[in-house]
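Visitor: First the structure, then my questions, so here it is.
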Amino acid sequence: MSQPDIDSARLLRRLQCLSRIGREAGGGISRPGFSQAAIDAASYIAAEARDDGLIARTDAGGNLLISPPGPRRYARALLVGSHLDTVVNGGWLDGAYGVVAALEAVRAVCDNHLDLGVDLVAVAFANEEGARFPQAFWGSKVLAGRLGAMTVPPVDYNGGSLREALARSGGDIDALGTAAWAPQSLASYLELHIEQGPVLESSRTPIGIVSAITGRVVLAAEFTGTAAHAGTTPMDQRSDALLGAAHLAVAVSELPGRGLCRVATVGRLESSPGSANTIAGRALVTVDLRDSSEKRLAEAESAVRHRIATIAACLGLAAECRRLAHSQPARTDPALRQSISAAANDLGLSTLELPSGAGHDAQIMAAVTPVGMIFVPSIGGVSHAPDEDTSPADLIAGARVLLGAVVRAGAACGRKERRAVPST
Ligand SMILES: [Zn+2]
């Protein structure tokens with residue numbers, strides 16, 4: 001049997017084709033989940049998969065699933081994939097790379113008639129980014145049966161209906177349960193992704209093995225004071241809501257230095273009435289906290305809440321704090337890390353274990369199955385921007401490592417599967 005390999009020219013050609021779907025005049029890519037561009041991207045990949053002789057179907061959650069022809073042979077499947085949606089004016093590789101490489105892996109396994117001992121399924125998850133509809137990680141949550149009660153209304157930021165957008169994408173909001181996989185039907189999940197940060201590039205390492213995926217808490221803090229004249233109100237008689245927000249922004253930036261979380265960001269500030277000659281009566285800030293320890297995240301959140309109360313008391317303001325989002329950190333599976341490491345080693349590629357500071361579908365899947373993630377370098381560490389890029393050599397190397405890891409992980413799962421079959 002020949003050593004399976006991906007078709008590197010086909011990989012790069014498909015990535016180039018995808019990069020033309022949803023491309024803005026300035027070169028950025030806009031394919032928000034459930035938009036026409038996201039639908040077109042999924043249609044393109046489905047057509048390519050069918051040209052490869054594979055089966056492509058869309059589940060009720062709008063996820064695209066690609067599998068070898070013929071009926072399923074095993075009780076469990078190894079899933080491999082990423083997402084096709086993007087942020088607004090994002091880059092060409094975030095998500096798309098992992099989907100195109102997953103398609104290559106399935107094709108290579110089929111072409112080489114490899115029996116992994118588990119079924120192999122490529123997946124393009126719907127609405128990972130939550131750029132238009134705020135239900136980020138939608139597709140992986142549906143597939144993992146982790147959607148739960150919808151915490152935000154099923155509409156986009158402009159009030160557009162998720163029901164209709166999902167139907168246009170080939171899904172069905174009334175049948176989401178049919179898209180959920182039982183944990184016992186999953187062997188594991190592998191995802192290849194660009195790093196979106198500078199670590200691999202600066203250490204000149206072509207392959208990253210993700211140790212853990214960051215958890216995240218997003219809070220909205222609102223200070224209410226008294227809008228008043230900027231010229232006539234004495235300094236000791238003010239209730240300046242914007243000043244409260246400013247104090248909080250500084251306190252948040254100091255959290256990592258105090259060992260409370262890995263990174264902390266105030267990314268949004270709104271004040272009203274927003275006039276140069278009026279003391280702000282109201283100010284709202286968002287606080288984004290990230291760490292790979294749930295305990296440290298919780299400590300950081302409680303420190304922020306405590307600080308908001310202290311600032312409000314000091315400045316004579318009323319304050320409120322709401323949690324906008326929470327995703328739990330996830331560890332990757334040691335056996336899958338080992339499969340990735342062995343695959344890279346076979347190809348003569350050096351590796352580095354690193355945590356992921358960005359969220360990924362893999363962390364949702366980690367609730368129901370072992371997960372592994374492979375990173376390749378991002379040039380300049382840039383992502384979620386038009387300049388996002390990775391060298392062709394690194395893109396090809398990452399896809400080869402993914403295939404090697406799929407073959408190893410599949411074989412390991414298959415051995416377990418066979419052991420689990422009772423002897424007669
Ligand atoms: Zn992504």
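Ordered as shown in the structure tokens, chains take letters A, B, and onward, while each chain numbers its residues from 1 and ligands are numbered from 1 in the order shown.
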Let me have all residues with an atom within 8 Å of ligand 1, counting only C-alpha atoms and all ligand atoms, laid out as an MDAnalysis selection string.
Guide: chainID A and resid 82:83 86 94:96 128:129 193:194 359:361
Visitor: List the spatial neighbours of Ala300 of chain A as an mmCIF file with all heavy atoms, in the first residue's frame - criterion: any atom at most 10 Å away, only C-alpha atoms, same-chain residues fewer than 5 positions off excluded.
Guide:
data_model
loop_
_atom_site.group_PDB
_atom_site.id
_atom_site.type_symbol
_atom_site.label_atom_id
_atom_site.label_comp_id
_atom_site.auth_asym_id
_atom_site.auth_seq_id
_atom_site.Cartn_x
_atom_site.Cartn_y
_atom_site.Cartn_z
ATOM 1 N N VAL A 217 -14.799 34.707 29.297
ATOM 2 C CA VAL A 217 -15.978 35.330 29.903
ATOM 3 C C VAL A 217 -16.062 36.748 29.357
ATOM 4 O O VAL A 217 -15.054 37.472 29.349
ATOM 5 C CB VAL A 217 -15.871 35.368 31.441
ATOM 6 C CG1 VAL A 217 -16.962 36.250 32.037
ATOM 7 C CG2 VAL A 217 -15.966 33.965 32.019
ATOM 8 N N VAL A 252 -8.854 46.509 34.601
ATOM 9 C CA VAL A 252 -8.921 45.268 33.798
ATOM 10 C C VAL A 252 -7.555 44.977 33.179
ATOM 11 O O VAL A 252 -7.090 43.831 33.175
ATOM 12 C CB VAL A 252 -10.026 45.379 32.716
ATOM 13 C CG1 VAL A 252 -9.882 44.294 31.658
ATOM 14 C CG2 VAL A 252 -11.403 45.313 33.374
ATOM 15 N N LEU A 255 -5.224 43.048 35.490
ATOM 16 C CA LEU A 255 -5.560 41.703 35.996
ATOM 17 C C LEU A 255 -4.496 40.661 35.652
ATOM 18 O O LEU A 255 -4.079 39.891 36.521
ATOM 19 C CB LEU A 255 -6.925 41.249 35.455
ATOM 20 C CG LEU A 255 -8.156 41.992 35.993
ATOM 21 C CD1 LEU A 255 -9.400 41.558 35.220
ATOM 22 C CD2 LEU A 255 -8.346 41.735 37.482
ATOM 23 N N PRO A 256 -4.036 40.573 34.385
ATOM 24 C CA PRO A 256 -3.038 39.538 34.069
ATOM 25 C C PRO A 256 -1.764 39.712 34.882
ATOM 26 O O PRO A 256 -1.188 38.728 35.349
ATOM 27 C CB PRO A 256 -2.790 39.729 32.567
ATOM 28 C CG PRO A 256 -4.058 40.346 32.065
ATOM 29 C CD PRO A 256 -4.495 41.274 33.170
ATOM 30 N N ARG A 258 -1.542 40.672 37.790
ATOM 31 C CA ARG A 258 -1.808 40.190 39.146
ATOM 32 C C ARG A 258 -2.015 38.677 39.171
ATOM 33 O O ARG A 258 -2.391 38.110 40.192
ATOM 34 C CB ARG A 258 -3.051 40.890 39.713
ATOM 35 C CG ARG A 258 -2.841 42.404 39.944
ATOM 36 C CD ARG A 258 -4.156 43.125 40.240
ATOM 37 N NE ARG A 258 -4.902 42.505 41.337
ATOM 38 C CZ ARG A 258 -6.228 42.595 41.497
ATOM 39 N NH1 ARG A 258 -6.954 43.266 40.615
ATOM 40 N NH2 ARG A 258 -6.816 42.013 42.520
ATOM 41 N N GLY A 259 -1.817 38.028 38.019
ATOM 42 C CA GLY A 259 -1.932 36.569 37.941
ATOM 43 C C GLY A 259 -3.361 36.072 37.929
ATOM 44 O O GLY A 259 -3.632 34.901 38.183
ATOM 45 N N LEU A 260 -4.321 36.979 37.607
ATOM 46 C CA LEU A 260 -5.731 36.574 37.696
ATOM 47 C C LEU A 260 -6.277 35.943 36.429
ATOM 48 O O LEU A 260 -7.242 35.196 36.473
ATOM 49 C CB LEU A 260 -6.580 37.779 38.101
ATOM 50 C CG LEU A 260 -6.551 38.012 39.611
ATOM 51 C CD1 LEU A 260 -7.003 39.404 39.982
ATOM 52 C CD2 LEU A 260 -7.426 36.975 40.304
ATOM 53 N N CYS A 261 -5.721 36.289 35.281
ATOM 54 C CA CYS A 261 -6.084 35.592 34.045
ATOM 55 C C CYS A 261 -4.995 35.886 33.026
ATOM 56 O O CYS A 261 -4.149 36.757 33.239
ATOM 57 C CB CYS A 261 -7.468 35.988 33.525
ATOM 58 S SG CYS A 261 -7.652 37.719 33.173
ATOM 59 N N ARG A 262 -5.026 35.134 31.902
ATOM 60 C CA ARG A 262 -3.924 35.251 30.937
ATOM 61 C C ARG A 262 -3.967 36.588 30.204
ATOM 62 O O ARG A 262 -2.956 37.276 30.088
ATOM 63 C CB ARG A 262 -4.005 34.089 29.939
ATOM 64 C CG ARG A 262 -2.792 33.939 29.043
ATOM 65 C CD ARG A 262 -2.920 32.707 28.172
ATOM 66 N NE ARG A 262 -4.128 32.727 27.364
ATOM 67 C CZ ARG A 262 -4.262 33.408 26.237
ATOM 68 N NH1 ARG A 262 -3.263 34.111 25.754
ATOM 69 N NH2 ARG A 262 -5.408 33.392 25.575
ATOM 70 N N ALA A 264 -6.757 40.167 29.385
ATOM 71 C CA ALA A 264 -8.000 40.854 29.752
ATOM 72 C C ALA A 264 -8.106 42.120 28.915
ATOM 73 O O ALA A 264 -7.125 42.856 28.780
ATOM 74 C CB ALA A 264 -7.984 41.198 31.232
ATOM 75 N N LEU A 289 -12.364 38.401 29.275
ATOM 76 C CA LEU A 289 -11.360 37.714 30.099
ATOM 77 C C LEU A 289 -11.087 36.339 29.509
ATOM 78 O O LEU A 289 -12.041 35.627 29.167
ATOM 79 C CB LEU A 289 -11.885 37.532 31.533
ATOM 80 C CG LEU A 289 -12.415 38.781 32.237
ATOM 81 C CD1 LEU A 289 -13.136 38.399 33.529
ATOM 82 C CD2 LEU A 289 -11.266 39.737 32.535
ATOM 83 N N ARG A 290 -9.813 35.951 29.384
ATOM 84 C CA ARG A 290 -9.500 34.627 28.808
ATOM 85 C C ARG A 290 -8.427 33.912 29.615
ATOM 86 O O ARG A 290 -7.424 34.519 30.012
ATOM 87 C CB ARG A 290 -9.038 34.770 27.367
ATOM 88 C CG ARG A 290 -10.109 35.445 26.515
ATOM 89 C CD ARG A 290 -9.797 35.347 25.060
ATOM 90 N NE ARG A 290 -10.699 36.204 24.307
ATOM 91 C CZ ARG A 290 -11.123 35.953 23.082
ATOM 92 N NH1 ARG A 290 -10.728 34.872 22.460
ATOM 93 N NH2 ARG A 290 -11.921 36.782 22.471
ATOM 94 N N ASP A 291 -8.658 32.625 29.795
ATOM 95 C CA ASP A 291 -7.664 31.798 30.479
ATOM 96 C C ASP A 291 -7.981 30.334 30.212
ATOM 97 O O ASP A 291 -9.141 29.987 29.943
ATOM 98 C CB ASP A 291 -7.699 32.064 31.992
ATOM 99 C CG ASP A 291 -6.401 31.632 32.654
ATOM 100 O OD1 ASP A 291 -6.229 30.426 32.896
ATOM 101 O OD2 ASP A 291 -5.540 32.491 32.892
ATOM 102 N N GLU A 294 -10.525 27.308 34.324
ATOM 103 C CA GLU A 294 -11.864 27.794 34.680
ATOM 104 C C GLU A 294 -11.820 28.500 36.039
ATOM 105 O O GLU A 294 -12.511 29.495 36.262
ATOM 106 C CB GLU A 294 -12.830 26.596 34.711
ATOM 107 C CG GLU A 294 -14.285 26.930 34.985
ATOM 108 C CD GLU A 294 -14.994 27.614 33.822
ATOM 109 O OE1 GLU A 294 -14.380 27.820 32.757
ATOM 110 O OE2 GLU A 294 -16.178 27.961 33.988
ATOM 111 N N LYS A 295 -10.963 27.998 36.936
ATOM 112 C CA LYS A 295 -10.865 28.577 38.280
ATOM 113 C C LYS A 295 -10.321 30.013 38.205
ATOM 114 O O LYS A 295 -10.860 30.929 38.811
ATOM 115 C CB LYS A 295 -9.945 27.684 39.122
ATOM 116 C CG LYS A 295 -9.772 28.105 40.548
ATOM 117 C CD LYS A 295 -9.062 27.006 41.345
ATOM 118 C CE LYS A 295 -8.686 27.482 42.731
ATOM 119 N NZ LYS A 295 -7.514 28.344 42.763
ATOM 120 N N ARG A 305 -16.042 42.185 39.080
ATOM 121 C CA ARG A 305 -17.326 42.588 39.690
ATOM 122 C C ARG A 305 -17.084 43.398 40.976
ATOM 123 O O ARG A 305 -17.753 44.399 41.236
ATOM 124 C CB ARG A 305 -18.187 41.354 39.979
ATOM 125 C CG ARG A 305 -18.754 40.716 38.721
ATOM 126 C CD ARG A 305 -19.609 39.490 39.051
ATOM 127 N NE ARG A 305 -20.136 38.869 37.855
ATOM 128 C CZ ARG A 305 -21.264 39.243 37.246
ATOM 129 N NH1 ARG A 305 -21.984 40.220 37.736
ATOM 130 N NH2 ARG A 305 -21.679 38.622 36.146
ATOM 131 N N HIS A 306 -16.109 42.954 41.756
ATOM 132 C CA HIS A 306 -15.782 43.656 42.996
ATOM 133 C C HIS A 306 -15.275 45.067 42.673
ATOM 134 O O HIS A 306 -15.662 46.049 43.303
ATOM 135 C CB HIS A 306 -14.718 42.852 43.754
ATOM 136 C CG HIS A 306 -14.311 43.472 45.044
ATOM 137 N ND1 HIS A 306 -15.128 43.478 46.155
ATOM 138 C CD2 HIS A 306 -13.181 44.139 45.401
ATOM 139 C CE1 HIS A 306 -14.518 44.113 47.134
ATOM 140 N NE2 HIS A 306 -13.329 44.526 46.713
#
Visitor: Identify all residues of segment 184-326 of chain A in alpha helix (DSSP H) (DSSP on the backbone) and supply them as a ChimeraX atom specification.
Guide: /A:199-202,241-254,294-315
Visitor: Write out as a count of residues only the residues lying within 10 Å of Leu18 of chain A, counting only C-alpha atoms and excluding same-chain residues fewer than 2 positions away.
Guide: 22
Visitor: For segment 156-259 of chain A against segment 381-405 of chain A, with a cut-off of 6 Å and counting only C-alpha atoms, what is the closest atom pair and its distance in Å to one decimal for every residue that makes the cut, ordered by chain and number, as a Markdown table?
Guide:
| residue | atom | partner | partner_atom | distance |
| --- | --- | --- | --- | --- |
| A:Gln196 | CA | A:Ser383 | CA | 5.0 |
| A:Gly197 | CA | A:Gly381 | CA | 4.0 |
| A:Pro198 | CA | A:Gly381 | CA | 3.9 |
Visitor: Selected residues, N, CA and C atoms, written as a PDB file, in the first residue's frame, please.
Guide:
ATOM      1  N   GLN A 196      -3.179  32.197  14.314  1.00  0.00           N
ATOM      2  CA  GLN A 196      -3.789  33.520  14.578  1.00  0.00           C
ATOM      3  C   GLN A 196      -3.002  34.317  15.617  1.00  0.00           C
ATOM      4  N   GLY A 197      -1.783  33.917  15.875  1.00  0.00           N
ATOM      5  CA  GLY A 197      -0.911  34.619  16.810  1.00  0.00           C
ATOM      6  C   GLY A 197       0.520  34.435  16.342  1.00  0.00           C
ATOM      7  N   PRO A 198       1.505  35.015  17.057  1.00  0.00           N
ATOM      8  CA  PRO A 198       2.883  35.077  16.552  1.00  0.00           C
ATOM      9  C   PRO A 198       3.839  33.988  17.045  1.00  0.00           C
TER      10      PRO A 198
END
Visitor: Residues at most 7 Å from Ala165 of chain A, counting only C-alpha atoms, excluding those fewer than 4 positions away in the same chain, as number ranges by chain?
Guide: A: 34, 161, 169
Visitor: Nearest residue to Glu164 of chain A out of A:Ser185, A:Gly62, A:Pro71, A:Asn112, using only C-alpha atoms?
Guide: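 For Glu164 of chain A, the nearest of the given residues is A:Gly62.
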Visitor: Kindly provide the residues of segment 173-203 of chain A that approach segment 334-346 of chain A to within 12 Å, each paired with its closest atom pair and their distance in Å to one decimal, based on only C-alpha atoms, listed by chain and increasing number, as a tab-separated table.
Guide:
residue	atom	partner	partner_atom	distance
A:Ala187	CA	A:Leu336	CA	11.1
A:Ser188	CA	A:Leu336	CA	8.6
A:Tyr189	CA	A:Leu336	CA	9.1
A:Leu190	CA	A:Leu336	CA	8.2
A:Glu191	CA	A:Ile340	CA	10.9
A:Leu192	CA	A:Ile340	CA	10.5
Visitor: For segment 218-228 of chain A, find every residue with an atom within 8 Å (counting only C-alpha atoms), except residues of its own chain fewer than 3 positions away, and show them as an MDAnalysis selection string.
Guide: chainID A and resid 233 238:242 244:245 273 278:289 308 312 316:326
Visitor: Hey, can you check how far atom CA of Gly215 of chain A sits from atom CA of Leu354 of chain A?
Guide: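 These two atoms are separated by 14.6 Å.
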Visitor: If we count only C-alpha atoms, what is near Gly33 of chain A at a cut-off of 8 Å, once residues fewer than 6 positions away on the same chain are taken out, given as a list in words?
Guide: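 Everything that qualifies: Asp85, Thr86, Ala126, Asn127, Glu128, Glu129, Gly130, Ala131, Arg132 and Phe133 of chain A.
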Visitor: Between A:Val88, A:Ala25, A:Leu352, A:Leu186, which residue has the minimum interatomic distance to Ser203 of chain A, considering only C-alpha atoms?
Guide: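 Between A:Val88, A:Ala25, A:Leu352, A:Leu186, the residue approaching Ser203 of chain A most closely is A:Leu352.
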Visitor: In Å, with one decimal, what is the gap from atom CA of Val118 of chain A to atom CA of Glu48 of chain A?
Guide: 23.5 Å
Visitor: Fewer than 4 positions away in the same chain doesn't count, so skip those; otherwise give me all residues within 9 Å of Ser253 of chain A, counting only C-alpha atoms, as a PyMOL selection string.
Guide: chain A and resi 248-249+257+263-266
Visitor: Rounded to one decimal, what separation in Å do you get between atom CA of Ala122 of chain A and atom CA of Glu195 of chain A?
Guide: 20.4 Å
Visitor: Measuring atom to atom with only C-alpha atoms, identify which of A:Ala38, A:Asp172, A:Thr58, A:Leu116 is nearest to Arg415 of chain A.
Guide: A:Leu116
Visitor: Write out as JSON, numbers by chain the set of residues from segment 64-301 of chain A that DSSP, computed on the backbone, places in strand (DSSP E).
Guide: {"A": [64, 65, 66, 67, 77, 78, 79, 80, 81, 82, 83, 119, 120, 121, 122, 123, 124, 125, 186, 187, 188, 189, 190, 191, 192, 193, 194, 207, 208, 209, 210, 211, 212, 213, 215, 216, 217, 218, 219, 220, 221, 222, 223, 224, 228, 229, 263, 264, 265, 269, 270, 271, 272, 278, 279, 282, 283, 284, 285, 286, 287, 288, 289, 290, 291]}
